$ cat upload_33.cif   # mmCIF, C-alpha atoms
data_structure
loop_
_atom_site.group_PDB
_atom_site.id
_atom_site.type_symbol
_atom_site.label_atom_id
_atom_site.label_comp_id
_atom_site.auth_asym_id
_atom_site.auth_seq_id
_atom_site.Cartn_x
_atom_site.Cartn_y
_atom_site.Cartn_z
ATOM 1 C CA MET L 1 0.000 0.000 0.000
ATOM 2 C CA ALA L 2 1.275 3.462 -0.857
ATOM 3 C CA ARG L 3 0.501 6.733 0.886
ATOM 4 C CA LYS L 4 1.264 10.106 -0.652
ATOM 5 C CA SER L 5 4.010 11.849 1.279
ATOM 6 C CA TYR L 6 4.207 15.199 -0.552
ATOM 7 C CA GLU L 7 3.799 16.733 -4.033
ATOM 8 C CA GLY L 8 7.291 15.890 -5.271
ATOM 9 C CA LYS L 9 8.198 19.144 -6.997
ATOM 10 C CA TYR L 10 10.644 19.709 -4.174
ATOM 11 C CA ILE L 11 12.605 17.015 -2.408
ATOM 12 C CA ASP L 12 14.431 17.215 0.905
ATOM 13 C CA TYR L 13 18.193 17.586 0.744
ATOM 14 C CA THR L 14 20.865 17.945 3.411
ATOM 15 C CA PRO L 15 24.215 18.828 1.796
ATOM 16 C CA VAL L 16 27.628 18.108 3.293
ATOM 17 C CA ALA L 17 28.897 21.459 1.940
ATOM 18 C CA ASP L 18 27.150 24.792 1.412
ATOM 19 C CA VAL L 19 24.929 24.951 -1.683
ATOM 20 C CA THR L 20 24.240 28.187 -3.552
ATOM 21 C CA ALA L 21 20.919 28.973 -5.213
ATOM 22 C CA GLY L 22 21.139 27.796 -8.821
ATOM 23 C CA ASP L 23 23.529 24.934 -8.112
ATOM 24 C CA VAL L 24 22.757 21.754 -10.028
ATOM 25 C CA ILE L 25 22.836 18.797 -7.656
ATOM 26 C CA VAL L 26 23.253 15.232 -8.918
ATOM 27 C CA GLN L 27 22.336 12.347 -6.641
ATOM 28 C CA ASP L 28 22.967 9.074 -8.476
ATOM 29 C CA GLU L 29 20.531 9.416 -11.448
ATOM 30 C CA LEU L 30 18.517 12.335 -10.028
ATOM 31 C CA VAL L 31 19.325 15.852 -11.245
ATOM 32 C CA ALA L 32 17.749 18.721 -9.292
ATOM 33 C CA ILE L 33 18.404 22.420 -8.715
ATOM 34 C CA ALA L 34 18.617 24.449 -5.522
ATOM 35 C CA ASP L 35 16.234 27.421 -5.616
ATOM 36 C CA SER L 36 17.820 28.923 -2.517
ATOM 37 C CA ASP L 37 21.036 28.663 -0.561
ATOM 38 C CA ILE L 38 21.347 25.638 1.731
ATOM 39 C CA LEU L 39 23.909 25.573 4.516
ATOM 40 C CA ALA L 40 26.038 22.473 5.046
ATOM 41 C CA ASN L 41 24.350 19.857 7.232
ATOM 42 C CA LYS L 42 21.041 21.781 7.211
ATOM 43 C CA LEU L 43 17.833 20.501 5.655
ATOM 44 C CA GLY L 44 16.844 22.299 2.467
ATOM 45 C CA ALA L 45 14.946 21.531 -0.708
ATOM 46 C CA LEU L 46 15.788 20.849 -4.339
ATOM 47 C CA ASN L 47 13.496 21.496 -7.307
ATOM 48 C CA THR L 48 12.899 18.540 -9.639
ATOM 49 C CA GLU L 49 10.338 19.925 -12.105
ATOM 50 C CA ASP L 50 10.631 23.547 -13.255
ATOM 51 C CA VAL L 51 12.291 25.146 -16.290
ATOM 52 C CA TYR L 52 15.804 26.541 -15.748
ATOM 53 C CA GLU L 53 18.252 28.491 -17.835
ATOM 54 C CA VAL L 54 21.529 26.574 -17.626
ATOM 55 C CA ASP L 55 24.948 26.788 -19.235
ATOM 56 C CA GLY L 56 25.030 24.687 -22.396
ATOM 57 C CA ASP L 57 27.966 23.059 -24.155
ATOM 58 C CA ALA L 58 29.185 25.701 -26.622
ATOM 59 C CA THR L 59 29.779 23.152 -29.397
ATOM 60 C CA GLU L 60 26.265 21.724 -29.486
ATOM 61 C CA VAL L 61 23.060 22.757 -31.251
ATOM 62 C CA PHE L 62 20.033 22.379 -28.967
ATOM 63 C CA ALA L 63 16.559 21.947 -30.483
ATOM 64 C CA ILE L 64 13.272 22.060 -28.620
ATOM 65 C CA GLY L 65 12.495 18.576 -27.347
ATOM 66 C CA ASN L 66 16.086 17.303 -27.246
ATOM 67 C CA ILE L 67 16.931 15.155 -24.239
ATOM 68 C CA VAL L 68 19.417 17.147 -22.179
ATOM 69 C CA TYR L 69 22.029 15.644 -19.882
ATOM 70 C CA TRP L 70 24.056 17.292 -17.120
ATOM 71 C CA ASP L 71 27.818 16.940 -17.524
ATOM 72 C CA VAL L 72 29.064 16.852 -13.927
ATOM 73 C CA ALA L 73 32.717 17.270 -14.927
ATOM 74 C CA ASP L 74 32.173 20.317 -17.162
ATOM 75 C CA GLN L 75 29.196 21.689 -15.188
ATOM 76 C CA ASN L 76 27.030 22.289 -18.236
ATOM 77 C CA ALA L 77 24.136 20.888 -20.225
ATOM 78 C CA THR L 78 24.943 18.546 -23.082
ATOM 79 C CA LEU L 79 23.165 16.378 -25.625
ATOM 80 C CA LEU L 80 25.521 13.459 -24.999
ATOM 81 C CA PRO L 81 24.681 10.716 -22.512
ATOM 82 C CA ASP L 82 28.437 9.892 -22.575
ATOM 83 C CA THR L 83 27.892 6.183 -21.931
ATOM 84 C CA GLY L 84 26.033 6.868 -18.709
ATOM 85 C CA THR L 85 28.409 9.256 -16.970
ATOM 86 C CA ASN L 86 26.271 12.305 -17.804
ATOM 87 C CA LYS L 87 22.881 12.264 -16.117
ATOM 88 C CA LYS L 88 19.527 12.950 -17.770
ATOM 89 C CA MET L 89 18.393 16.415 -16.737
ATOM 90 C CA GLY L 90 15.258 16.845 -18.839
ATOM 91 C CA TYR L 91 14.264 18.361 -22.175
ATOM 92 C CA ALA L 92 15.329 21.483 -24.056
ATOM 93 C CA VAL L 93 12.472 23.976 -24.307
ATOM 94 C CA SER L 94 14.449 26.515 -26.326
ATOM 95 C CA ALA L 95 16.575 26.223 -29.427
ATOM 96 C CA ARG L 96 20.187 27.358 -29.471
ATOM 97 C CA GLY L 97 22.926 27.235 -32.066
ATOM 98 C CA ALA L 98 26.471 26.020 -31.514
ATOM 99 C CA VAL L 99 27.565 29.051 -29.500
ATOM 100 C CA ALA L 100 28.441 29.683 -25.906
ATOM 101 C CA GLY L 101 25.391 30.460 -23.853
ATOM 102 C CA ASP L 102 22.401 29.215 -22.016
ATOM 103 C CA VAL L 103 19.665 26.768 -22.896
ATOM 104 C CA LEU L 104 16.263 26.450 -21.237
ATOM 105 C CA VAL L 105 15.723 22.990 -19.773
ATOM 106 C CA LYS L 106 12.526 21.517 -18.327
ATOM 107 C CA LEU L 107 13.649 19.225 -15.529
ATOM 108 C CA ASP L 108 12.268 15.720 -16.016
ATOM 109 C CA GLN L 109 13.719 12.593 -14.516
ATOM 110 C CA ALA L 110 11.252 10.134 -16.113
#
$ encode --input "upload_33.cif" --output "structure tokens"
Amino acid sequence: MARKSYEGKYIDYTPVADVTAGDVIVQDELVAIADSDILANKLGALNTEDVYEVDGDATEVFAIGNIVYWDVADQNATLLPDTGTNKKMGYAVSARGAVAGDVLVKLDQA
């Protein structure tokens, strides 16, 4: 039997180091974003659903609907799953040419 715990847009998170609003946090396969600062060892919340403007790989062309991955090493959005080391972030909801800059991403872990 299952009982609803909470909506799920935000999930609880207690970081081991300070987190700044806008930080992308990867927990295994889950990619979420901090909407506000969270102090180390203090309970905070991460957003798992909204649309965010994130740094995109400058060499890639993003089209609306592309699956977007988060490259933990380079700290940017990419179109490459990189054999599982990059984590699915969601879907591009804006188009962008192969230039440095941001891309709008709808977070979606499904």
$ atom_distance --input "upload_33.cif" --atom1 "CA of Asp35 (chain L)" --atom2 "CA of Arg3 (chain L)"
26.8 Å
$ resolve_selection --input "upload_33.cif" --expression "the PyMOL selection byres ((chain L and resi 93-107) around 7)" --output "list of chain:residue names"
L:Thr48, L:Glu49, L:Asp50, L:Val51, L:Tyr52, L:Glu53, L:Val54, L:Asp55, L:Gly56, L:Asp57, L:Ala58, L:Thr59, L:Glu60, L:Val61, L:Phe62, L:Ala63, L:Ile64, L:Gly65, L:Met89, L:Gly90, L:Tyr91, L:Ala92, L:Asp108, L:Gln109
$ atom_distance --input "upload_33.cif" --atom1 "CA of Lys87 (chain L)" --atom2 "CA of Asn66 (chain L)"
14.0 Å
$ closest_residue --input "upload_33.cif" --among "L:Asp28, L:Gly44, L:Ala2, L:Ala34" --to "Gly84 (chain L)" --atoms "only C-alpha atoms"
L:Asp28
$ closest_residue --input "upload_33.cif" --among "L:Tyr69, L:Lys9, L:Ala40, L:Val24" --to "Asp82 (chain L)" --atoms "only C-alpha atoms"
L:Tyr69
$ closest_residue --input "upload_33.cif" --among "L:Asp12, L:Asp18, L:Glu29, L:Asp37" --to "Trp70 (chain L)" --atoms "all atoms listed in the file"
L:Glu29
$ resolve_selection --input "upload_33.cif" --expression "the PyMOL selection byres ((chain L and resi 46) around 6)" --output "PyMOL selection string"
chain L and resi 10-11+32-34+45+47
$ atom_distance --input "upload_33.cif" --atom1 "CA of Leu80 (chain L)" --atom2 "CA of Tyr13 (chain L)"
27.1 Å
$ residues_around --input "upload_33.cif" --residues "Leu39 (chain L)" --least-positions-apart "5" --cutoff "9 Å" --atoms "only C-alpha atoms" --output "ChimeraX atom specification"
/L:14-20,44
$ axis_aligned_box --input "upload_33.cif" --around "region 42-55 of chain L" --padding-each-side "6 Å" --output "AutoDock Vina command-line options"
--center_x 17.6 --center_y 23.5 --center_z -6.0 --size_x 26.6 --size_y 22.0 --size_z 38.4
$ closest_residue --input "upload_33.cif" --among "L:Leu43, L:Ile38, L:Ala110, L:Val26" --to "Gln75 (chain L)" --atoms "all atoms listed in the file"
L:Val26
